[in-house]
file final_25.csv (CSV, C-alpha atoms)
chain,number,residue,atom,x,y,z
G,64,MET,CA,-61.5,-60.3,78.2
G,65,ARG,CA,-64.8,-61.8,79.4
G,66,ASN,CA,-65.3,-60.6,83.0
G,67,LEU,CA,-67.6,-61.9,85.7
G,68,ALA,CA,-68.5,-60.1,88.9
G,69,ILE,CA,-69.7,-62.2,91.8
G,70,ILE,CA,-71.4,-60.5,94.8
G,71,PRO,CA,-71.7,-63.0,97.6
G,72,ALA,CA,-74.8,-62.4,99.7
G,73,ARG,CA,-76.0,-65.4,101.8
G,74,CYS,CA,-78.8,-64.8,104.3
G,75,GLY,CA,-77.3,-66.2,107.5
G,76,SER,CA,-75.6,-63.1,109.0
G,77,LYS,CA,-75.0,-63.6,112.7
G,78,GLY,CA,-74.0,-60.1,113.7
G,79,LEU,CA,-76.7,-58.1,111.9
G,80,LYS,CA,-79.9,-59.9,110.8
G,81,ASP,CA,-80.4,-59.7,107.0
G,82,LYS,CA,-77.3,-57.4,106.8
G,83,ASN,CA,-77.0,-57.8,103.0
G,84,ILE,CA,-80.4,-56.4,102.3
G,85,ARG,CA,-80.6,-54.0,105.2
G,86,LEU,CA,-81.3,-50.5,103.9
G,87,LEU,CA,-78.4,-48.2,103.5
G,88,ALA,CA,-79.2,-44.7,102.3
G,89,GLY,CA,-82.6,-46.1,101.2
G,90,ARG,CA,-81.3,-49.0,99.2
G,91,PRO,CA,-80.5,-52.7,100.1
G,92,LEU,CA,-76.8,-53.0,101.1
G,93,LEU,CA,-76.0,-55.4,98.2
G,94,ALA,CA,-77.5,-52.8,95.7
G,95,HIS,CA,-74.6,-50.5,96.2
G,96,SER,CA,-72.1,-53.2,95.0
G,97,VAL,CA,-74.4,-54.2,92.1
G,98,SER,CA,-74.6,-50.6,90.9
G,99,ALA,CA,-70.9,-50.0,91.1
G,100,ALA,CA,-70.3,-53.2,89.1
G,101,LEU,CA,-72.9,-52.3,86.4
G,102,ASP,CA,-71.7,-48.7,86.2
G,103,SER,CA,-68.1,-49.8,85.7
G,104,GLY,CA,-69.0,-51.2,82.3
G,105,ILE,CA,-66.3,-53.9,82.9
G,106,PHE,CA,-68.4,-57.0,83.3
G,107,ASP,CA,-70.2,-59.4,80.9
G,108,GLU,CA,-72.2,-60.7,83.9
G,109,VAL,CA,-72.9,-59.3,87.3
G,110,MET,CA,-74.3,-62.0,89.5
G,111,VAL,CA,-75.3,-62.2,93.1
G,112,SER,CA,-74.6,-65.6,94.7
G,113,THR,CA,-77.2,-66.2,97.4
G,114,ASP,CA,-79.1,-69.0,99.1
G,115,SER,CA,-82.2,-66.9,99.7
G,116,GLU,CA,-85.2,-66.4,97.4
G,117,LEU,CA,-85.8,-63.0,99.0
G,118,TYR,CA,-82.2,-61.9,98.5
G,119,ALA,CA,-82.4,-63.1,94.9
G,120,LYS,CA,-85.6,-61.0,94.3
G,121,LYS,CA,-83.8,-57.9,95.7
G,122,ALA,CA,-80.8,-58.6,93.6
G,123,LEU,CA,-82.8,-58.9,90.4
G,124,GLU,CA,-84.6,-55.7,91.2
G,125,CYS,CA,-81.2,-54.0,91.4
G,126,GLY,CA,-80.3,-55.3,87.9
G,127,ALA,CA,-78.0,-58.2,88.9
G,128,SER,CA,-78.2,-61.7,87.5
G,129,VAL,CA,-79.2,-64.6,89.8
G,130,PRO,CA,-79.2,-67.6,87.5
G,131,TRP,CA,-79.5,-70.1,90.4
G,132,LEU,CA,-79.4,-70.3,94.2
G,133,ARG,CA,-76.2,-71.2,96.0
G,134,SER,CA,-76.0,-74.7,97.4
G,135,PRO,CA,-76.6,-75.3,101.2
G,136,GLU,CA,-73.1,-76.7,101.5
G,137,LEU,CA,-71.6,-73.4,100.5
G,138,SER,CA,-74.0,-71.2,102.5
G,139,THR,CA,-72.6,-72.0,106.0
G,140,ASP,CA,-70.5,-69.9,108.3
G,141,THR,CA,-67.4,-72.0,107.4
G,142,ALA,CA,-67.8,-71.9,103.6
G,143,GLY,CA,-64.9,-70.0,102.0
G,144,SER,CA,-65.5,-67.2,99.6
G,145,TRP,CA,-63.1,-68.7,97.0
G,146,ASP,CA,-64.9,-72.0,97.2
G,147,VAL,CA,-68.1,-70.1,96.4
G,148,VAL,CA,-66.4,-68.4,93.4
G,149,LYS,CA,-65.1,-71.7,92.0
G,150,SER,CA,-68.5,-73.3,92.4
G,151,GLU,CA,-70.2,-70.5,90.5
G,152,LEU,CA,-67.6,-70.5,87.8
G,153,LEU,CA,-68.1,-74.3,87.4
G,154,ARG,CA,-71.8,-73.9,87.1
G,155,TYR,CA,-71.4,-71.2,84.4
G,156,GLN,CA,-69.0,-73.5,82.6
G,157,ASN,CA,-71.6,-76.3,82.7
G,158,HIS,CA,-73.9,-73.8,81.0
G,159,GLY,CA,-71.4,-73.0,78.3
G,160,MET,CA,-70.1,-69.7,79.7
G,161,LEU,CA,-66.4,-69.2,80.3
G,162,PHE,CA,-64.7,-66.1,81.7
G,163,ASP,CA,-61.2,-64.7,81.6
G,164,THR,CA,-61.4,-63.0,85.0
G,165,VAL,CA,-63.6,-63.1,88.0
G,166,CYS,CA,-64.1,-60.2,90.4
G,167,LEU,CA,-65.3,-60.8,94.0
G,168,LEU,CA,-67.1,-57.8,95.3
G,169,GLN,CA,-68.2,-58.1,98.9
G,170,PRO,CA,-71.5,-56.4,99.5
G,171,THR,CA,-70.1,-55.2,102.9
G,172,SER,CA,-68.0,-52.6,101.0
G,173,PRO,CA,-70.8,-50.3,99.7
G,174,LEU,CA,-68.6,-47.2,99.3
G,175,ARG,CA,-66.4,-48.9,96.6
G,176,THR,CA,-67.1,-47.0,93.4
G,177,SER,CA,-67.2,-48.0,89.7
G,178,HIS,CA,-64.0,-45.9,89.3
G,179,ASP,CA,-62.3,-48.2,91.8
G,180,ILE,CA,-63.3,-51.2,89.8
G,181,VAL,CA,-62.2,-49.7,86.5
G,182,GLY,CA,-58.9,-48.7,88.1
G,183,SER,CA,-58.3,-52.2,89.4
G,184,TYR,CA,-58.8,-53.7,86.0
G,185,GLU,CA,-56.5,-51.1,84.4
G,186,LEU,CA,-53.9,-52.1,86.9
G,187,LEU,CA,-54.4,-55.8,86.1
G,188,VAL,CA,-53.8,-55.2,82.4
G,189,ASP,CA,-50.9,-52.6,82.8
G,190,SER,CA,-49.0,-54.7,85.4
G,191,ALA,CA,-49.6,-58.0,83.5
G,192,ALA,CA,-50.5,-59.5,86.9
G,193,ASN,CA,-52.8,-62.5,87.5
G,194,ALA,CA,-54.5,-61.0,90.6
G,195,VAL,CA,-55.4,-57.6,92.0
G,196,THR,CA,-56.5,-57.0,95.6
G,197,SER,CA,-57.6,-53.7,97.0
G,198,VAL,CA,-55.9,-52.2,100.0
G,199,CYS,CA,-56.0,-48.9,102.0
G,200,GLU,CA,-53.6,-47.1,104.3
G,201,VAL,CA,-54.1,-47.9,108.0
G,202,ASP,CA,-55.2,-45.1,110.3
G,203,HIS,CA,-52.3,-45.5,112.7
G,204,SER,CA,-48.8,-46.8,112.0
G,205,PRO,CA,-47.9,-50.1,113.6
G,206,LEU,CA,-44.8,-48.4,114.9
G,207,TRP,CA,-47.1,-46.5,117.3
G,208,THR,CA,-49.2,-49.5,118.4
G,209,MET,CA,-48.7,-52.1,121.1
G,210,THR,CA,-49.7,-55.4,122.6
G,211,LEU,CA,-50.6,-55.9,126.3
G,212,ASP,CA,-49.7,-58.8,128.6
G,213,ASP,CA,-51.7,-59.9,131.6
G,214,THR,CA,-50.1,-57.1,133.8
G,215,LEU,CA,-51.5,-54.4,131.4
G,216,SER,CA,-48.1,-52.6,131.8
G,217,LEU,CA,-47.5,-49.7,129.5
G,218,ALA,CA,-43.7,-49.7,130.1
G,219,PRO,CA,-42.8,-51.5,126.9
G,220,TYR,CA,-45.0,-49.2,124.9
G,221,ARG,CA,-43.4,-46.1,126.5
G,222,GLU,CA,-39.9,-47.5,125.7
G,223,LYS,CA,-41.0,-48.1,122.1
G,224,MET,CA,-42.4,-44.6,121.8
G,225,ALA,CA,-39.2,-43.1,123.2
G,226,ARG,CA,-37.3,-44.7,120.3
G,227,HIS,CA,-39.6,-43.1,117.8
G,228,SER,CA,-40.3,-39.9,119.6
G,229,ALA,CA,-38.4,-37.8,117.0
G,230,ALA,CA,-40.4,-39.2,114.1
G,231,ARG,CA,-43.2,-37.1,112.8
G,232,ARG,CA,-46.3,-39.0,111.6
G,233,GLN,CA,-45.9,-37.7,108.1
G,234,ASP,CA,-42.3,-39.0,108.1
G,235,LEU,CA,-43.2,-42.6,108.9
G,236,PRO,CA,-43.5,-45.1,106.1
G,237,PRO,CA,-47.2,-45.8,105.1
G,238,TYR,CA,-48.6,-49.2,106.1
G,239,TYR,CA,-51.5,-50.8,104.2
G,240,ARG,CA,-54.2,-53.4,104.9
G,241,ILE,CA,-56.4,-55.5,102.7
G,242,ASN,CA,-59.8,-53.7,102.8
G,243,GLY,CA,-62.0,-56.5,101.4
G,244,ALA,CA,-63.5,-54.4,98.6
G,245,ILE,CA,-62.1,-55.8,95.4
G,246,TYR,CA,-60.5,-59.1,94.5
G,247,ILE,CA,-59.8,-59.8,90.9
G,248,ARG,CA,-58.4,-63.2,89.7
G,249,ARG,CA,-57.6,-64.5,86.2
G,250,VAL,CA,-59.4,-67.8,85.5
G,251,CYS,CA,-57.8,-70.9,84.0
G,252,TYR,CA,-59.8,-73.9,82.7
G,253,GLU,CA,-57.6,-77.0,82.7
G,254,SER,CA,-58.6,-80.2,84.4
G,255,GLU,CA,-60.7,-78.0,86.8
G,256,VAL,CA,-61.5,-74.4,87.3
G,257,CYS,CA,-58.4,-72.6,88.7
G,258,LEU,CA,-58.0,-69.1,90.0
G,259,LEU,CA,-54.6,-67.6,89.3
G,260,SER,CA,-53.2,-65.6,92.2
G,261,ASP,CA,-49.5,-65.0,91.4
G,262,PRO,CA,-48.2,-62.4,90.6
G,263,GLU,CA,-50.6,-60.3,92.7
G,264,VAL,CA,-50.6,-56.5,93.0
G,265,ALA,CA,-52.3,-54.1,95.3
G,266,PHE,CA,-54.9,-51.5,94.2
G,267,ILE,CA,-54.8,-48.6,96.7
G,268,MET,CA,-58.2,-47.2,97.7
G,269,SER,CA,-58.9,-44.3,100.1
G,270,PRO,CA,-59.9,-45.0,103.7
G,271,GLU,CA,-63.2,-43.2,103.1
G,272,THR,CA,-64.2,-45.7,100.4
G,273,SER,CA,-62.9,-48.7,102.4
G,274,VAL,CA,-65.6,-48.9,105.1
G,275,ASP,CA,-66.3,-52.6,105.8
G,276,ILE,CA,-69.7,-53.1,107.3
G,277,ASP,CA,-69.9,-55.6,110.1
G,278,ARG,CA,-71.6,-53.8,113.0
G,279,LEU,CA,-74.4,-51.3,113.3
G,280,MET,CA,-71.8,-48.6,113.9
G,281,ASP,CA,-70.3,-49.3,110.4
G,282,PHE,CA,-73.7,-48.8,108.9
G,283,CYS,CA,-74.0,-45.4,110.6
G,284,MET,CA,-70.5,-44.4,109.4
G,285,ALA,CA,-71.2,-45.6,105.8
G,286,GLU,CA,-74.5,-43.7,105.7
G,287,ALA,CA,-72.9,-40.5,106.9
G,288,LEU,CA,-70.2,-40.8,104.3
G,289,LEU,CA,-72.7,-41.5,101.5
G,290,THR,CA,-74.8,-38.5,102.6
G,291,ALA,CA,-71.8,-36.2,102.7
G,292,THR,CA,-70.7,-37.4,99.2
G,293,GLU,CA,-74.1,-36.8,97.8
G,294,GLU,CA,-74.3,-33.3,99.3
G,295,THR,CA,-70.9,-32.4,97.9
G,296,LEU,CA,-71.9,-33.7,94.4
G,297,GLY,CA,-75.1,-31.6,94.7
G,298,GLU,CA,-73.1,-28.5,95.5
G,299,ILE,CA,-70.8,-29.1,92.6
G,300,ALA,CA,-73.7,-29.6,90.2
call {"tool": "encode", "arguments": {"input": "final_25.csv", "output": "structure tokens"}}
result
Amino acid sequence: MRNLAIIPARCGSKGLKDKNIRLLAGRPLLAHSVSAALDSGIFDEVMVSTDSELYAKKALECGASVPWLRSPELSTDTAGSWDVVKSELLRYQNHGMLFDTVCLLQPTSPLRTSHDIVGSYELLVDSAANAVTSVCEVDHSPLWTMTLDDTLSLAPYREKMARHSAARRQDLPPYYRINGAIYIRRVCYESEVCLLSDPEVAFIMSPETSVDIDRLMDFCMAEALLTATEETLGEIA
């Protein structure tokens, strides 16, 4: 298979300015995803899709490919990630490069490892699926969560808890959420570029590698986890 990794990194972050190149453990945020993709040995091309000359320069320094800048139309807050992926695949096609799969790697998931990427592709092949999406187990079972109305009454929650009071946490079924770290799709070239999404299977990642950076607190958490991992590896070495 010919595999393409796309790391989307536009420069218009509203929550944290220049989030995608903000330093995390001494490296630009997007560099962690670039390294994981390159270290996996899976991809024929690891490209950063960006609308910024500065971001492109940072990406190139990390070893990624930036063959062109993203169009302004696909660099807005409302532009969808899959629209960006299809656009980049079409541009590659126009340059004579076709791929069997595309893997979307959000730069906001910097703790995703090359082993996670390799495992996802192994699952794609072994399951004969057309799509793989990464997930992780949620911290708290939905059976122990609640909604609140305008009265802020806890009575419905207490009644719900009473029904599950005999259940131990370890006896409850696990629940999962999409963690945003890895999206693999097989590519079909017919009248247009198509991304195949069915059947789709889940690749399970640990909560520790599923940190999704959106706020400053997420940066702090990711940095702490990266530091702890490096210290552990240093002790083992």
call {"tool": "closest_residue", "arguments": {"input": "final_25.csv", "among": "G:Ser190, G:Thr272, G:Ser150, G:Thr208", "to": "Pro71 (chain G)", "atoms": "only C-alpha atoms"}}
result
G:Ser150
call {"tool": "closest_residue", "arguments": {"input": "final_25.csv", "among": "G:Ala127, G:Val198, G:Val264, G:Ile69", "to": "Leu168 (chain G)", "atoms": "all atoms listed in the file"}}
result
G:Ile69
call {"tool": "axis_aligned_box", "arguments": {"input": "final_25.csv", "around": "region 100-108 of chain G", "padding_each_side": "6 Å", "output": "JSON"}}
result
{"center_x": -69.6, "center_y": -54.7, "center_z": 85.0, "size_x": 18.6, "size_y": 24.0, "size_z": 20.2}
call {"tool": "residues_around", "arguments": {"input": "final_25.csv", "residues": "region 136-146 of chain G", "least_positions_apart": "4", "cutoff": "12 Å", "atoms": "only C-alpha atoms", "output": "PyMOL selection string"}}
result
chain G and resi 69-78+112-115+132+150-153+165-169+243+246-248+256-260
call {"tool": "closest_residue", "arguments": {"input": "final_25.csv", "among": "G:Met280, G:Tyr220, G:Ala244, G:Asp234", "to": "Ser172 (chain G)", "atoms": "only C-alpha atoms"}}
result
G:Ala244
call {"tool": "residues_around", "arguments": {"input": "final_25.csv", "residues": "Thr210 (chain G)", "least_positions_apart": "4", "cutoff": "10 Å", "atoms": "all atoms listed in the file", "output": "list in words"}}
result
Leu215, Ser216, Leu217, Pro219 and Tyr220 of chain G
call {"tool": "residues_around", "arguments": {"input": "final_25.csv", "residues": "region 98-105 of chain G", "least_positions_apart": "3", "cutoff": "7 Å", "atoms": "all atoms listed in the file", "output": "PDB file with C-alpha atoms, in the frame of the given file"}}
result
ATOM      1  CA  ASN G  66     -65.300 -60.600  83.000  1.00  0.00           C
ATOM      2  CA  ALA G  94     -77.500 -52.800  95.700  1.00  0.00           C
ATOM      3  CA  HIS G  95     -74.600 -50.500  96.200  1.00  0.00           C
ATOM      4  CA  VAL G 109     -72.900 -59.300  87.300  1.00  0.00           C
ATOM      5  CA  THR G 176     -67.100 -47.000  93.400  1.00  0.00           C
ATOM      6  CA  SER G 177     -67.200 -48.000  89.700  1.00  0.00           C
ATOM      7  CA  HIS G 178     -64.000 -45.900  89.300  1.00  0.00           C
ATOM      8  CA  ILE G 180     -63.300 -51.200  89.800  1.00  0.00           C
ATOM      9  CA  VAL G 181     -62.200 -49.700  86.500  1.00  0.00           C
TER      10      VAL G 181
END
call {"tool": "closest_residue", "arguments": {"input": "final_25.csv", "among": "G:Leu117, G:Ala68, G:Leu161, G:Leu211", "to": "Pro91 (chain G)", "atoms": "only C-alpha atoms"}}
result
G:Leu117
call {"tool": "atom_distance", "arguments": {"input": "final_25.csv", "atom1": "CA of Cys251 (chain G)", "atom2": "CA of Ser197 (chain G)"}}
result
21.6 Å
call {"tool": "closest_residue", "arguments": {"input": "final_25.csv", "among": "G:Leu123, G:Cys199, G:Leu87, G:Leu67", "to": "Lys149 (chain G)", "atoms": "only C-alpha atoms"}}
result
G:Leu67
call {"tool": "atom_distance", "arguments": {"input": "final_25.csv", "atom1": "CA of Arg65 (chain G)", "atom2": "CA of Asn83 (chain G)"}}
result
26.9 Å
call {"tool": "closest_residue", "arguments": {"input": "final_25.csv", "among": "G:Glu286, G:Asp281, G:Asp107, G:Glu263", "to": "Phe162 (chain G)", "atoms": "only C-alpha atoms"}}
result
G:Asp107
call {"tool": "atom_distance", "arguments": {"input": "final_25.csv", "atom1": "CA of Ala194 (chain G)", "atom2": "CA of Arg154 (chain G)"}}
result
21.9 Å
call {"tool": "residues_around", "arguments": {"input": "final_25.csv", "residues": "region 266-268 of chain G", "least_positions_apart": "5", "cutoff": "8 Å", "atoms": "all atoms listed in the file", "output": "CSV table (one decimal) with C-alpha atoms, keeping the file's coordinate frame"}}
result
chain,number,residue,atom,x,y,z
G,179,ASP,CA,-62.3,-48.2,91.8
G,182,GLY,CA,-58.9,-48.7,88.1
G,183,SER,CA,-58.3,-52.2,89.4
G,186,LEU,CA,-53.9,-52.1,86.9
G,195,VAL,CA,-55.4,-57.6,92.0
G,196,THR,CA,-56.5,-57.0,95.6
G,197,SER,CA,-57.6,-53.7,97.0
G,198,VAL,CA,-55.9,-52.2,100.0
G,199,CYS,CA,-56.0,-48.9,102.0
G,200,GLU,CA,-53.6,-47.1,104.3
G,273,SER,CA,-62.9,-48.7,102.4
